[in-house]
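This is my_file-v6.cif. It holds mmCIF, C-alpha atoms and all ligand atoms.
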data_entry
loop_
_atom_site.label_atom_id
_atom_site.label_comp_id
_atom_site.auth_asym_id
_atom_site.auth_seq_id
_atom_site.Cartn_x
_atom_site.Cartn_y
_atom_site.Cartn_z
CA MET A 730 15.14 25.88 -83.02
CA ILE A 731 14.61 29.04 -85.08
CA ASN A 732 12.58 31.82 -83.48
CA VAL A 733 11.15 34.96 -85.02
CA THR A 734 14.02 36.91 -83.52
CA LYS A 735 17.19 36.47 -81.53
CA THR A 736 18.79 39.09 -79.33
CA PHE A 737 22.04 40.55 -80.67
CA PHE A 738 24.88 39.96 -78.20
CA PRO A 739 27.99 42.10 -78.63
CA PRO A 740 31.36 40.42 -77.88
CA ILE A 741 31.46 39.94 -74.10
CA GLU A 742 34.82 41.75 -73.80
CA GLU A 743 33.19 44.89 -75.17
CA TYR A 744 30.44 44.69 -72.57
CA GLN A 745 32.96 44.00 -69.82
CA MET A 746 34.95 47.07 -70.86
CA GLN A 747 31.84 49.17 -70.27
CA LEU A 748 31.10 47.41 -66.97
CA GLN A 749 34.64 48.21 -65.83
CA ARG A 750 33.81 51.89 -66.15
CA ILE A 751 30.77 51.45 -63.90
CA TRP A 752 32.88 49.77 -61.21
CA SER A 753 35.50 52.53 -61.46
CA ASN A 754 32.81 55.20 -61.19
CA GLN A 755 30.96 53.36 -58.39
CA TRP A 756 27.82 54.84 -59.90
CA LEU A 757 24.90 52.69 -60.94
CA THR A 758 21.93 54.86 -61.91
CA ASN A 759 20.38 58.37 -61.98
CA ARG A 760 21.86 59.34 -65.33
CA GLY A 761 25.43 58.26 -64.88
CA GLU A 762 28.33 58.73 -67.25
CA LEU A 763 27.43 55.77 -69.47
CA VAL A 764 23.80 56.71 -69.97
CA LEU A 765 24.78 60.31 -70.73
CA GLU A 766 27.36 59.09 -73.23
CA LEU A 767 24.81 56.78 -74.85
CA GLU A 768 22.41 59.71 -75.17
CA GLU A 769 25.07 61.82 -76.88
CA LYS A 770 26.03 58.99 -79.23
CA LEU A 771 22.43 58.21 -80.12
CA LYS A 772 21.69 61.88 -80.71
CA LYS A 773 24.49 61.96 -83.29
CA TYR A 774 23.72 58.57 -84.79
CA LEU A 775 20.02 59.30 -85.20
CA GLU A 776 20.45 63.00 -86.01
CA VAL A 777 17.74 64.11 -83.61
CA ASN A 778 17.45 67.41 -81.78
CA HIS A 779 16.52 65.96 -78.40
CA ILE A 780 16.61 62.54 -76.80
CA LEU A 781 15.87 61.21 -73.34
CA ILE A 782 16.73 57.59 -72.64
CA THR A 783 14.16 55.71 -70.57
CA ASN A 784 13.74 52.37 -68.83
CA ASN A 785 11.57 50.84 -71.58
CA GLY A 786 9.31 51.76 -74.50
CA THR A 787 6.00 51.70 -72.62
CA ILE A 788 6.43 54.28 -69.84
CA PRO A 789 7.37 56.88 -72.51
CA LEU A 790 3.96 56.32 -74.12
CA GLN A 791 2.34 56.85 -70.72
CA ILE A 792 4.35 60.02 -70.08
CA ALA A 793 3.50 61.39 -73.53
CA LEU A 794 -0.19 60.65 -72.98
CA LYS A 795 -0.12 62.14 -69.48
CA LEU A 796 1.30 65.39 -70.89
CA LEU A 797 -0.60 65.61 -74.17
CA GLY A 798 -3.56 63.21 -73.96
CA LYS A 799 -5.07 64.71 -70.80
CA GLU A 800 -7.66 61.96 -70.28
CA GLY A 801 -9.34 62.74 -73.61
CA GLU A 802 -10.09 60.65 -76.66
CA ILE A 803 -7.01 59.39 -78.44
CA ILE A 804 -7.21 58.47 -82.10
CA THR A 805 -5.11 55.38 -82.54
CA THR A 806 -4.31 52.33 -84.64
CA PRO A 807 -5.69 48.86 -83.95
CA PHE A 808 -2.64 47.27 -85.60
CA SER A 809 0.26 47.52 -83.17
CA TYR A 810 1.69 45.84 -80.12
CA VAL A 811 -0.75 45.83 -77.18
CA ALA A 812 1.36 48.45 -75.32
CA THR A 813 0.06 51.20 -77.63
CA THR A 814 -3.56 50.65 -76.61
CA ALA A 815 -2.83 49.62 -73.02
CA ALA A 816 -0.93 52.86 -72.39
CA ILE A 817 -3.97 54.86 -73.52
CA VAL A 818 -6.34 52.97 -71.22
CA TRP A 819 -3.79 53.04 -68.36
CA GLU A 820 -3.66 56.83 -68.60
CA ASN A 821 -7.47 57.10 -68.32
CA CYS A 822 -7.75 58.17 -71.92
CA LYS A 823 -10.17 56.59 -74.37
CA PRO A 824 -8.79 54.79 -77.43
CA VAL A 825 -10.72 55.66 -80.58
CA PHE A 826 -9.62 53.27 -83.28
CA VAL A 827 -9.21 54.22 -86.90
CA ASP A 828 -8.66 51.39 -89.37
CA ILE A 829 -5.36 50.84 -91.18
CA HIS A 830 -4.17 51.05 -94.76
CA PRO A 831 -4.22 47.53 -96.28
CA GLU A 832 -0.70 47.76 -97.75
CA TYR A 833 1.25 50.15 -95.52
CA LEU A 834 -0.43 48.70 -92.39
CA THR A 835 -0.20 52.11 -90.69
CA ILE A 836 -3.25 54.12 -89.59
CA ASP A 837 -5.44 55.12 -92.56
CA GLU A 838 -5.05 58.90 -92.43
CA THR A 839 -8.07 59.40 -94.72
CA LYS A 840 -10.32 58.04 -91.94
CA ILE A 841 -8.93 60.13 -89.08
CA GLU A 842 -11.04 63.26 -89.48
CA GLU A 843 -14.38 61.45 -89.21
CA ALA A 844 -13.26 60.04 -85.83
CA ILE A 845 -12.48 63.44 -84.28
CA THR A 846 -14.91 64.75 -81.64
CA ASP A 847 -14.72 67.69 -79.23
CA LYS A 848 -13.15 65.29 -76.69
CA THR A 849 -10.25 64.33 -78.97
CA THR A 850 -6.91 65.51 -77.61
CA ALA A 851 -4.29 63.57 -79.53
CA ILE A 852 -3.42 61.09 -82.25
CA LEU A 853 -1.22 58.15 -81.21
CA ALA A 854 -0.12 56.21 -84.27
CA THR A 855 2.49 53.48 -84.72
CA HIS A 856 5.18 53.37 -87.40
CA VAL A 857 4.42 49.68 -87.53
CA PHE A 858 7.30 47.39 -88.56
CA GLY A 859 9.33 50.58 -89.00
CA ASN A 860 7.08 51.81 -91.83
CA PRO A 861 6.36 55.54 -91.42
CA CYS A 862 2.78 56.73 -91.04
CA ASN A 863 1.65 59.40 -93.46
CA VAL A 864 3.23 62.05 -91.25
CA GLU A 865 2.46 65.01 -93.53
CA VAL A 866 -1.29 64.41 -93.67
CA ILE A 867 -1.46 63.52 -89.98
CA ASN A 868 0.38 66.73 -89.18
CA SER A 869 -2.02 68.88 -91.19
CA ILE A 870 -5.07 67.20 -89.63
CA ALA A 871 -3.58 67.82 -86.18
CA GLN A 872 -2.90 71.48 -87.00
CA LYS A 873 -6.40 72.00 -88.33
CA HIS A 874 -8.10 70.45 -85.28
CA ASN A 875 -5.57 71.59 -82.69
CA LEU A 876 -4.54 68.06 -81.72
CA LYS A 877 -1.22 66.70 -80.46
CA VAL A 878 0.59 63.93 -82.32
CA ILE A 879 2.43 61.11 -80.59
CA TYR A 880 4.21 58.39 -82.54
CA ASP A 881 4.87 54.98 -81.12
CA ALA A 882 8.15 54.50 -82.98
CA ALA A 883 9.18 51.38 -81.06
CA HIS A 884 10.00 49.62 -84.37
CA ALA A 885 11.53 52.59 -86.11
CA PHE A 886 15.07 52.92 -84.76
CA GLY A 887 17.26 54.46 -87.47
CA VAL A 888 14.42 54.92 -89.98
CA THR A 889 14.59 58.12 -91.98
CA TYR A 890 11.76 59.73 -93.92
CA ASN A 891 12.55 62.45 -96.45
CA GLU A 892 16.10 62.23 -95.12
CA HIS A 893 15.10 63.16 -91.57
CA SER A 894 14.97 60.86 -88.59
CA ILE A 895 11.42 59.56 -88.21
CA PHE A 896 11.75 60.49 -84.53
CA ASN A 897 11.70 64.17 -85.53
CA TYR A 898 8.05 63.98 -86.65
CA GLY A 899 5.08 64.56 -84.35
CA ASP A 900 5.10 66.36 -80.99
CA ILE A 901 6.60 63.34 -79.21
CA SER A 902 8.00 60.06 -80.51
CA THR A 903 8.84 57.07 -78.38
CA CYS A 904 11.17 54.14 -79.00
CA SER A 905 11.88 50.79 -77.36
CA PHE A 906 15.36 49.38 -76.75
CA HIS A 907 13.98 46.03 -75.59
CA ALA A 908 16.18 42.98 -76.19
CA THR A 909 14.02 41.91 -79.14
CA LYS A 910 14.19 45.27 -80.89
CA LEU A 911 16.63 46.36 -83.60
CA PHE A 912 18.87 48.36 -81.28
CA HIS A 913 18.71 47.31 -77.65
CA SER A 914 20.04 47.85 -74.16
CA GLY A 915 18.36 44.76 -72.69
CA GLU A 916 15.46 46.84 -71.47
CA GLY A 917 15.26 50.49 -72.42
CA GLY A 918 13.67 53.08 -74.63
CA ALA A 919 13.62 56.77 -75.44
CA LEU A 920 11.53 59.90 -75.73
CA PHE A 921 11.98 62.45 -78.49
CA ALA A 922 10.18 65.80 -78.41
CA LYS A 923 9.82 68.29 -81.21
CA ASP A 924 10.71 71.33 -79.14
CA ALA A 925 12.96 72.10 -76.20
CA ASP A 926 10.14 73.14 -73.90
CA LEU A 927 8.34 69.84 -74.30
CA GLN A 928 11.60 67.93 -73.89
CA HIS A 929 12.08 69.80 -70.62
CA GLN A 930 8.67 68.62 -69.41
CA LEU A 931 9.51 65.06 -70.45
CA PHE A 932 12.74 65.25 -68.49
CA TYR A 933 11.00 66.24 -65.25
CA SER A 934 8.20 63.74 -65.81
CA HIS A 935 10.68 60.89 -66.13
CA ASN A 936 12.33 61.62 -62.76
CA PHE A 937 9.48 62.04 -60.25
CA GLY A 938 9.13 65.70 -61.23
CA HIS A 939 12.34 66.52 -59.33
CA ASN A 940 13.73 70.01 -59.82
CA GLY A 941 16.76 69.58 -57.59
CA PRO A 942 16.57 67.50 -54.40
CA LEU A 943 13.93 69.60 -52.63
CA ALA A 944 11.69 71.10 -55.30
CA PHE A 945 9.27 69.66 -57.81
CA TYR A 946 8.37 70.91 -61.22
CA GLY A 947 5.21 68.84 -61.48
CA LEU A 948 3.92 65.29 -61.36
CA GLY A 949 6.45 62.66 -62.33
CA ILE A 950 7.17 58.96 -62.48
CA ASN A 951 10.39 56.95 -62.58
CA ALA A 952 11.46 56.15 -66.14
CA LYS A 953 15.20 56.17 -65.53
CA ILE A 954 17.55 53.55 -66.91
CA SER A 955 20.55 52.12 -65.06
CA GLU A 956 24.21 52.17 -66.04
CA LEU A 957 24.11 48.40 -66.59
CA GLN A 958 21.65 48.89 -69.42
CA GLY A 959 23.61 51.92 -70.61
CA ALA A 960 26.64 49.61 -70.84
CA MET A 961 24.72 47.19 -73.06
CA GLY A 962 23.54 50.04 -75.28
CA LEU A 963 27.09 51.34 -75.64
CA ALA A 964 28.32 47.84 -76.49
CA VAL A 965 25.60 47.24 -79.11
CA LEU A 966 25.63 50.65 -80.85
CA PRO A 967 29.00 50.21 -82.66
CA HIS A 968 27.54 47.11 -84.33
CA MET A 969 24.55 48.82 -85.92
CA GLN A 970 26.05 48.73 -89.40
CA THR A 971 26.57 44.97 -89.17
CA ILE A 972 23.11 44.51 -87.68
CA LEU A 973 21.50 46.43 -90.54
CA SER A 974 23.49 44.81 -93.34
CA GLU A 975 22.96 41.29 -91.99
CA ARG A 976 19.24 41.91 -91.68
CA LYS A 977 19.10 43.41 -95.15
CA LYS A 978 20.60 40.18 -96.52
CA VAL A 979 17.79 38.17 -94.94
CA VAL A 980 15.13 40.58 -96.23
CA ASP A 981 16.61 40.49 -99.75
CA PHE A 982 16.57 36.71 -99.60
CA TYR A 983 12.89 36.61 -98.60
CA ASN A 984 12.07 39.23 -101.23
CA THR A 985 13.57 37.11 -104.00
CA GLN A 986 12.67 33.60 -102.82
CA LEU A 987 9.11 33.74 -101.48
CA ASP A 988 6.19 32.83 -103.73
CA PHE A 989 4.48 36.22 -104.03
CA ASP A 990 1.64 34.77 -106.10
CA LYS A 991 0.31 33.37 -102.85
CA LEU A 992 1.30 35.96 -100.28
CA LYS A 993 2.22 39.61 -99.85
CA THR A 994 4.58 41.57 -97.69
CA ILE A 995 4.40 45.12 -96.36
CA LYS A 996 4.65 48.08 -98.74
CA ILE A 997 7.21 50.56 -97.44
CA ARG A 998 6.26 54.21 -97.90
CA SER A 999 8.31 56.01 -100.56
CA ASN A 1000 11.10 58.37 -99.45
CA THR A 1001 11.78 56.03 -96.55
CA GLU A 1002 15.09 54.54 -95.58
CA TRP A 1003 13.81 51.43 -93.83
CA ASN A 1004 15.52 49.50 -91.01
CA TYR A 1005 14.67 45.85 -91.85
CA SER A 1006 13.11 45.44 -88.44
CA TYR A 1007 10.45 42.84 -89.27
CA TYR A 1008 9.45 40.65 -92.19
CA PRO A 1009 5.67 40.32 -92.19
CA VAL A 1010 4.00 38.03 -94.73
CA ILE A 1011 0.26 38.28 -95.37
CA PHE A 1012 -1.51 35.14 -96.56
CA GLU A 1013 -4.73 34.85 -98.57
CA SER A 1014 -6.57 33.44 -95.57
CA GLU A 1015 -6.10 32.59 -91.91
CA LYS A 1016 -6.45 28.93 -92.89
CA LYS A 1017 -3.38 29.24 -95.14
CA LEU A 1018 -1.50 31.02 -92.35
CA LEU A 1019 -2.29 28.21 -89.93
CA GLU A 1020 -1.18 25.56 -92.44
CA VAL A 1021 2.11 27.31 -93.10
CA GLN A 1022 2.68 27.96 -89.39
CA ALA A 1023 2.05 24.28 -88.59
CA ALA A 1024 4.48 23.18 -91.31
CA LEU A 1025 7.15 25.56 -89.98
CA ASN A 1026 6.57 24.49 -86.36
CA GLN A 1027 7.06 20.90 -87.46
CA MET A 1028 10.56 21.93 -88.57
CA GLN A 1029 11.17 23.70 -85.23
CA ILE A 1030 10.74 27.11 -86.88
CA PHE A 1031 8.64 29.55 -84.86
CA PRO A 1032 7.47 32.69 -86.64
CA ARG A 1033 5.14 34.97 -84.64
CA ARG A 1034 1.67 36.27 -85.30
CA TYR A 1035 2.60 39.94 -85.04
CA PHE A 1036 0.11 41.45 -84.51
CA TYR A 1037 -2.83 39.34 -83.47
CA PRO A 1038 -5.49 40.01 -82.40
CA SER A 1039 -6.41 43.38 -83.84
CA LEU A 1040 -6.36 45.62 -80.75
CA ASN A 1041 -10.04 46.62 -81.05
CA LYS A 1042 -10.77 42.99 -80.13
CA ILE A 1043 -9.02 42.88 -76.76
CA GLU A 1044 -11.27 42.26 -73.82
CA TYR A 1045 -11.12 45.66 -72.09
CA ILE A 1046 -12.03 47.51 -75.29
CA GLU A 1047 -15.62 48.27 -76.32
CA ALA A 1048 -16.47 45.98 -79.23
CA LEU A 1049 -16.37 47.67 -82.61
CA GLU A 1050 -15.40 46.56 -86.07
CA MET A 1051 -12.11 47.36 -87.84
CA LYS A 1052 -12.43 45.45 -91.10
CA VAL A 1053 -8.96 45.92 -92.57
CA SER A 1054 -7.03 45.54 -89.33
CA GLU A 1055 -8.96 42.42 -88.30
CA SER A 1056 -8.46 40.90 -91.72
CA ILE A 1057 -4.71 41.63 -91.78
CA ALA A 1058 -4.22 40.55 -88.15
CA SER A 1059 -5.78 37.17 -88.92
CA ARG A 1060 -3.48 36.58 -91.90
CA VAL A 1061 -0.09 38.06 -90.98
CA LEU A 1062 2.96 36.19 -89.79
CA CYS A 1063 6.40 37.66 -89.05
CA LEU A 1064 9.21 35.46 -90.36
CA PRO A 1065 12.53 34.87 -88.58
CA LEU A 1066 14.83 37.85 -89.06
CA TYR A 1067 18.01 38.38 -87.06
CA VAL A 1068 21.78 38.56 -87.20
CA GLY A 1069 23.21 35.06 -87.39
CA LEU A 1070 20.36 33.40 -89.29
CA LYS A 1071 22.22 30.92 -91.48
CA ASN A 1072 21.76 30.40 -95.20
CA ALA A 1073 20.79 26.77 -94.70
CA GLU A 1074 18.15 27.85 -92.20
CA LEU A 1075 16.81 30.46 -94.60
CA HIS A 1076 16.57 27.86 -97.36
CA GLN A 1077 14.69 25.58 -95.00
CA ILE A 1078 12.25 28.36 -94.09
CA ILE A 1079 11.60 29.27 -97.72
CA THR A 1080 11.25 25.68 -98.90
CA THR A 1081 8.82 24.88 -96.10
CA ILE A 1082 6.66 27.94 -96.81
CA ASN A 1083 6.60 27.60 -100.58
CA TYR A 1084 5.84 23.87 -100.29
CA ALA A 1085 3.03 24.42 -97.78
CA LEU A 1086 1.52 27.03 -100.11
CA LYS A 1087 1.36 24.65 -103.08
C1 LIG B 1101 7.98 46.71 -77.99
C2 LIG B 1101 6.88 47.69 -78.20
C3 LIG B 1101 6.46 48.58 -77.19
C4 LIG B 1101 6.92 48.45 -75.78
O1 LIG B 1101 8.27 48.57 -75.58
P1 LIG B 1101 8.92 47.94 -74.26
O2 LIG B 1101 10.32 48.42 -74.31
O3 LIG B 1101 8.80 46.45 -74.38
O4 LIG B 1101 8.17 48.47 -73.09
C5 LIG B 1101 5.53 49.56 -77.50
N1 LIG B 1101 5.00 49.65 -78.72
C6 LIG B 1101 5.34 48.80 -79.71
C7 LIG B 1101 4.72 48.98 -81.07
C8 LIG B 1101 6.27 47.77 -79.47
O5 LIG B 1101 6.57 46.90 -80.44
#
Go ahead and render the structure in this file as structure tokens.
Amino acid sequence: MINVTKTFFPPIEEYQMQLQRIWSNQWLTNRGELVLELEEKLKKYLEVNHILITNNGTIPLQIALKLLGKEGEIITTPFSYVATTAAIVWENCKPVFVDIHPEYLTIDETKIEEAITDKTTAILATHVFGNPCNVEVINSIAQKHNLKVIYDAAHAFGVTYNEHSIFNYGDISTCSFHATKLFHSGEGGALFAKDADLQHQLFYSHNFGHNGPLAFYGLGINAKISELQGAMGLAVLPHMQTILSERKKVVDFYNTQLDFDKLKTIKIRSNTEWNYSYYPVIFESEKKLLEVQAALNQMQIFPRRYFYPSLNKIEYIEALEMKVSESIASRVLCLPLYVGLKNAELHQIITTINYALK
């Protein structure tokens, strides 16, 4: 069986070596030695000013919205994983959707200004599939209207834009280190703030607001990660180069072998160093998608409909139309992409798709 993704497992000895340290330390959570080391290593690897490792990629969105969204209207993308929208609703903010660009698949920055009202507090956009939003234009809109910018960068580990980490853009960026993501610690994630003061607030927010054992800096929640997950992160990180080059091979193969008369893939924004995190293909119609999906399933190949439905269509959202996002969501399929995907399997995937498209 071939799934859309497969978790990268480092050699077990390397994980055990990290676990050994935990047993020696007799220390399991609350920012132990391994988590602190992982933070330092990630800070260097990603070339970011600040980083705070968290328990997943969803609570960071909630923390960012708690601090910057303040129960106002949040301008957001309908084309993302459900966590982006759910976090907004969970934090008693109101999602205000703005449609996406048909090729980049990120929020259409030219439509943001018309969605701003006096209740708007922030923009929460997703660097979907690791493709950067138009961060310059979004930044100038935010400046002009005094709004905060949060990026859901769950897909964007290692992506650089204009030679800077994508995590350095916006007031706060969040990432996910979930087992299915490019870099992972089993479960995990991170928060990145633009300035030290905001990073300080994030730090307190992620640990119940504690300022020492007896005092509190403000309202907080628990977004801490354990040493066990830190161990996985430390065991996976040295393999990033392999992970990226293996994934690039798969992407290059799809790029040269797919029949692009009958489908399209994502357009990556220029000046981006991409991370090969997903391979979306967009068919001419949902009918075509369903035919190709059925043919692949027959061969025990299971791509995923990332992302369907368009998030303006989920049941707890007021009905409204997002033409481009709904159209893309109905026609997009993410193809298998992971370390260890064999050449024979790739050939089978390509042959099945191109045949079904005939
Ligand atoms: C995976 C993902 C999340 C949530 O991350 P978790 O670590 O699973 O909580 C949020 N946003 C997007 C776009 C994602 O793909």
Can you measure atom CA of A:Gln1029 to atom CA of A:Gln1077 for me? One decimal in Å is fine.
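Atom-to-atom, atom CA of A:Gln1029 and atom CA of A:Gln1077 are spaced 10.6 Å apart.
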Shortest interatomic distance to A:Asn759 - which of A:Val864, A:Ile803, A:Leu992, A:Ile954, counting only C-alpha atoms:
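For A:Asn759, the nearest of the given residues is A:Ile954.
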Give as a ChimeraX atom specification the residues surrounding ligand LIG 1101 (chain B) up to a distance of 8 Å, considering only C-alpha atoms and all ligand atoms.
/A:784-788,790,809-813,855-857,881-884,904-907,909-910,916-918
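The residue that comes closest to A:Ala952, out of A:Ile1078, A:Val980, A:Leu1040, A:Ala919 and on the basis of all atoms listed in the file, is A:Ala919.
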Give the answer as one residue: which of A:Asn778, A:Thr814, A:Phe826, A:Ile879 has the shortest atom-to-atom distance to A:Glu1050, using only C-alpha atoms?
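Answer, going by the shortest atom-to-atom distance: A:Phe826.
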Please determine, counting all atoms listed in the file, which residue among A:Asp900, A:Glu843, A:Glu802, A:Glu892 has the shortest atom-to-atom distance to A:Ala925.
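Nearest to A:Ala925: A:Asp900.
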Separation of atom CA of A:Val866 from atom CA of A:Gly801 in Å
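Interatomic distance, atom CA of A:Gly801 to atom CA of A:Val866: 21.7 Å.
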Please provide the set of residues having any atom within 12 Å of A:Pro824, restricted to all atoms listed in the file, with same-chain residues fewer than 2 positions apart removed, written as a ChimeraX atom specification.
/A:794,798,800-807,813-822,826-827,844-845,848-854,1040-1041,1043,1045-1049
Residue with smallest distance to A:Ala1073 - pool A:Cys862, A:Leu757, A:Ile731, A:Val888, counting only C-alpha atoms
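So, comparing all the options, the nearest one is A:Ile731.
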Figure out the distance between atom CA of A:Asn754 and atom CA of A:Phe932, please, to one decimal in Å.
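If I compute the distance from atom CA of A:Phe932 to atom CA of A:Asn754, I get 23.6 Å.
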Proximity to A:Lys993 - best of A:Val1053, A:Cys1063, A:Leu943, A:Ala1023, all atoms listed in the file
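Closest to A:Lys993, using all atoms listed in the file: A:Cys1063.
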Exercise: A:Tyr1037 partners within 9 Å, all atoms listed in the file, chain neighbours under 4 positions left out, as a ChimeraX atom specification
/A:808-810,1055,1057-1061
For A:Lys1071, list every protein, DNA or RNA residue within 12 Å, evaluated using only C-alpha atoms, and leave out those in the same chain fewer than 4 positions away; present the list as a PyMOL selection string.
chain A and resi 731+975-976+978-979+982+1065-1067+1075-1078
Go ahead and dump the residues you just picked, C-alpha atoms, as a PDB file, in the frame of the given file.
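What landed in result.pdb:
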ATOM      1  CA  ILE A 731      14.610  29.040 -85.080  1.00  0.00           C
ATOM      2  CA  GLU A 975      22.960  41.290 -91.990  1.00  0.00           C
ATOM      3  CA  ARG A 976      19.240  41.910 -91.680  1.00  0.00           C
ATOM      4  CA  LYS A 978      20.600  40.180 -96.520  1.00  0.00           C
ATOM      5  CA  VAL A 979      17.790  38.170 -94.940  1.00  0.00           C
ATOM      6  CA  PHE A 982      16.570  36.710 -99.600  1.00  0.00           C
ATOM      7  CA  PRO A1065      12.530  34.870 -88.580  1.00  0.00           C
ATOM      8  CA  LEU A1066      14.830  37.850 -89.060  1.00  0.00           C
ATOM      9  CA  TYR A1067      18.010  38.380 -87.060  1.00  0.00           C
ATOM     10  CA  LEU A1075      16.810  30.460 -94.600  1.00  0.00           C
ATOM     11  CA  HIS A1076      16.570  27.860 -97.360  1.00  0.00           C
ATOM     12  CA  GLN A1077      14.690  25.580 -95.000  1.00  0.00           C
ATOM     13  CA  ILE A1078      12.250  28.360 -94.090  1.00  0.00           C
TER      14      ILE A1078
END
Closest atom pairs, stretch 754-860 of chain A residues within 12 Å of stretch 739-748 of chain A, only C-alpha atoms, as JSON lines:
{"residue": "A:Asn754", "atom": "CA", "partner": "A:Leu748", "partner_atom": "CA", "distance": 9.8}
{"residue": "A:Gln755", "atom": "CA", "partner": "A:Leu748", "partner_atom": "CA", "distance": 10.4}
{"residue": "A:Trp756", "atom": "CA", "partner": "A:Leu748", "partner_atom": "CA", "distance": 10.8}
{"residue": "A:Leu757", "atom": "CA", "partner": "A:Leu748", "partner_atom": "CA", "distance": 10.1}
{"residue": "A:Glu762", "atom": "CA", "partner": "A:Gln747", "partner_atom": "CA", "distance": 10.6}
{"residue": "A:Leu763", "atom": "CA", "partner": "A:Gln747", "partner_atom": "CA", "distance": 8.0}
{"residue": "A:Val764", "atom": "CA", "partner": "A:Gln747", "partner_atom": "CA", "distance": 11.0}
{"residue": "A:Glu766", "atom": "CA", "partner": "A:Gln747", "partner_atom": "CA", "distance": 11.3}
{"residue": "A:Leu767", "atom": "CA", "partner": "A:Gln747", "partner_atom": "CA", "distance": 11.3}
Quick one: residues within 10 Å of A:Ile997, all atoms listed in the file counted, chain neighbours fewer than 5 positions away excluded, as a short mmCIF file (atom, residue, chain, number, x, y, z; two decimals) with C-alpha atoms, in the frame of the given file?
data_model
loop_
_atom_site.label_atom_id
_atom_site.label_comp_id
_atom_site.auth_asym_id
_atom_site.auth_seq_id
_atom_site.Cartn_x
_atom_site.Cartn_y
_atom_site.Cartn_z
CA GLU A 832 -0.70 47.76 -97.75
CA TYR A 833 1.25 50.15 -95.52
CA LEU A 834 -0.43 48.70 -92.39
CA PHE A 858 7.30 47.39 -88.56
CA GLY A 859 9.33 50.58 -89.00
CA ASN A 860 7.08 51.81 -91.83
CA PRO A 861 6.36 55.54 -91.42
CA CYS A 862 2.78 56.73 -91.04
CA GLU A 1002 15.09 54.54 -95.58
CA TRP A 1003 13.81 51.43 -93.83
#
Name the residues in contact with A:His939 at a cut-off of 12 Å, using only C-alpha atoms, excluding same-chain residues fewer than 5 positions from it; report them as a short mmCIF file (atom, residue, chain, number, x, y, z; two decimals) with C-alpha atoms, in the coordinates of the input.
data_model
loop_
_atom_site.label_atom_id
_atom_site.label_comp_id
_atom_site.auth_asym_id
_atom_site.auth_seq_id
_atom_site.Cartn_x
_atom_site.Cartn_y
_atom_site.Cartn_z
CA ASN A 759 20.38 58.37 -61.98
CA HIS A 929 12.08 69.80 -70.62
CA GLN A 930 8.67 68.62 -69.41
CA LEU A 931 9.51 65.06 -70.45
CA PHE A 932 12.74 65.25 -68.49
CA TYR A 933 11.00 66.24 -65.25
CA SER A 934 8.20 63.74 -65.81
CA ALA A 944 11.69 71.10 -55.30
CA PHE A 945 9.27 69.66 -57.81
CA TYR A 946 8.37 70.91 -61.22
CA GLY A 947 5.21 68.84 -61.48
CA LEU A 948 3.92 65.29 -61.36
CA GLY A 949 6.45 62.66 -62.33
CA ILE A 950 7.17 58.96 -62.48
CA ASN A 951 10.39 56.95 -62.58
#
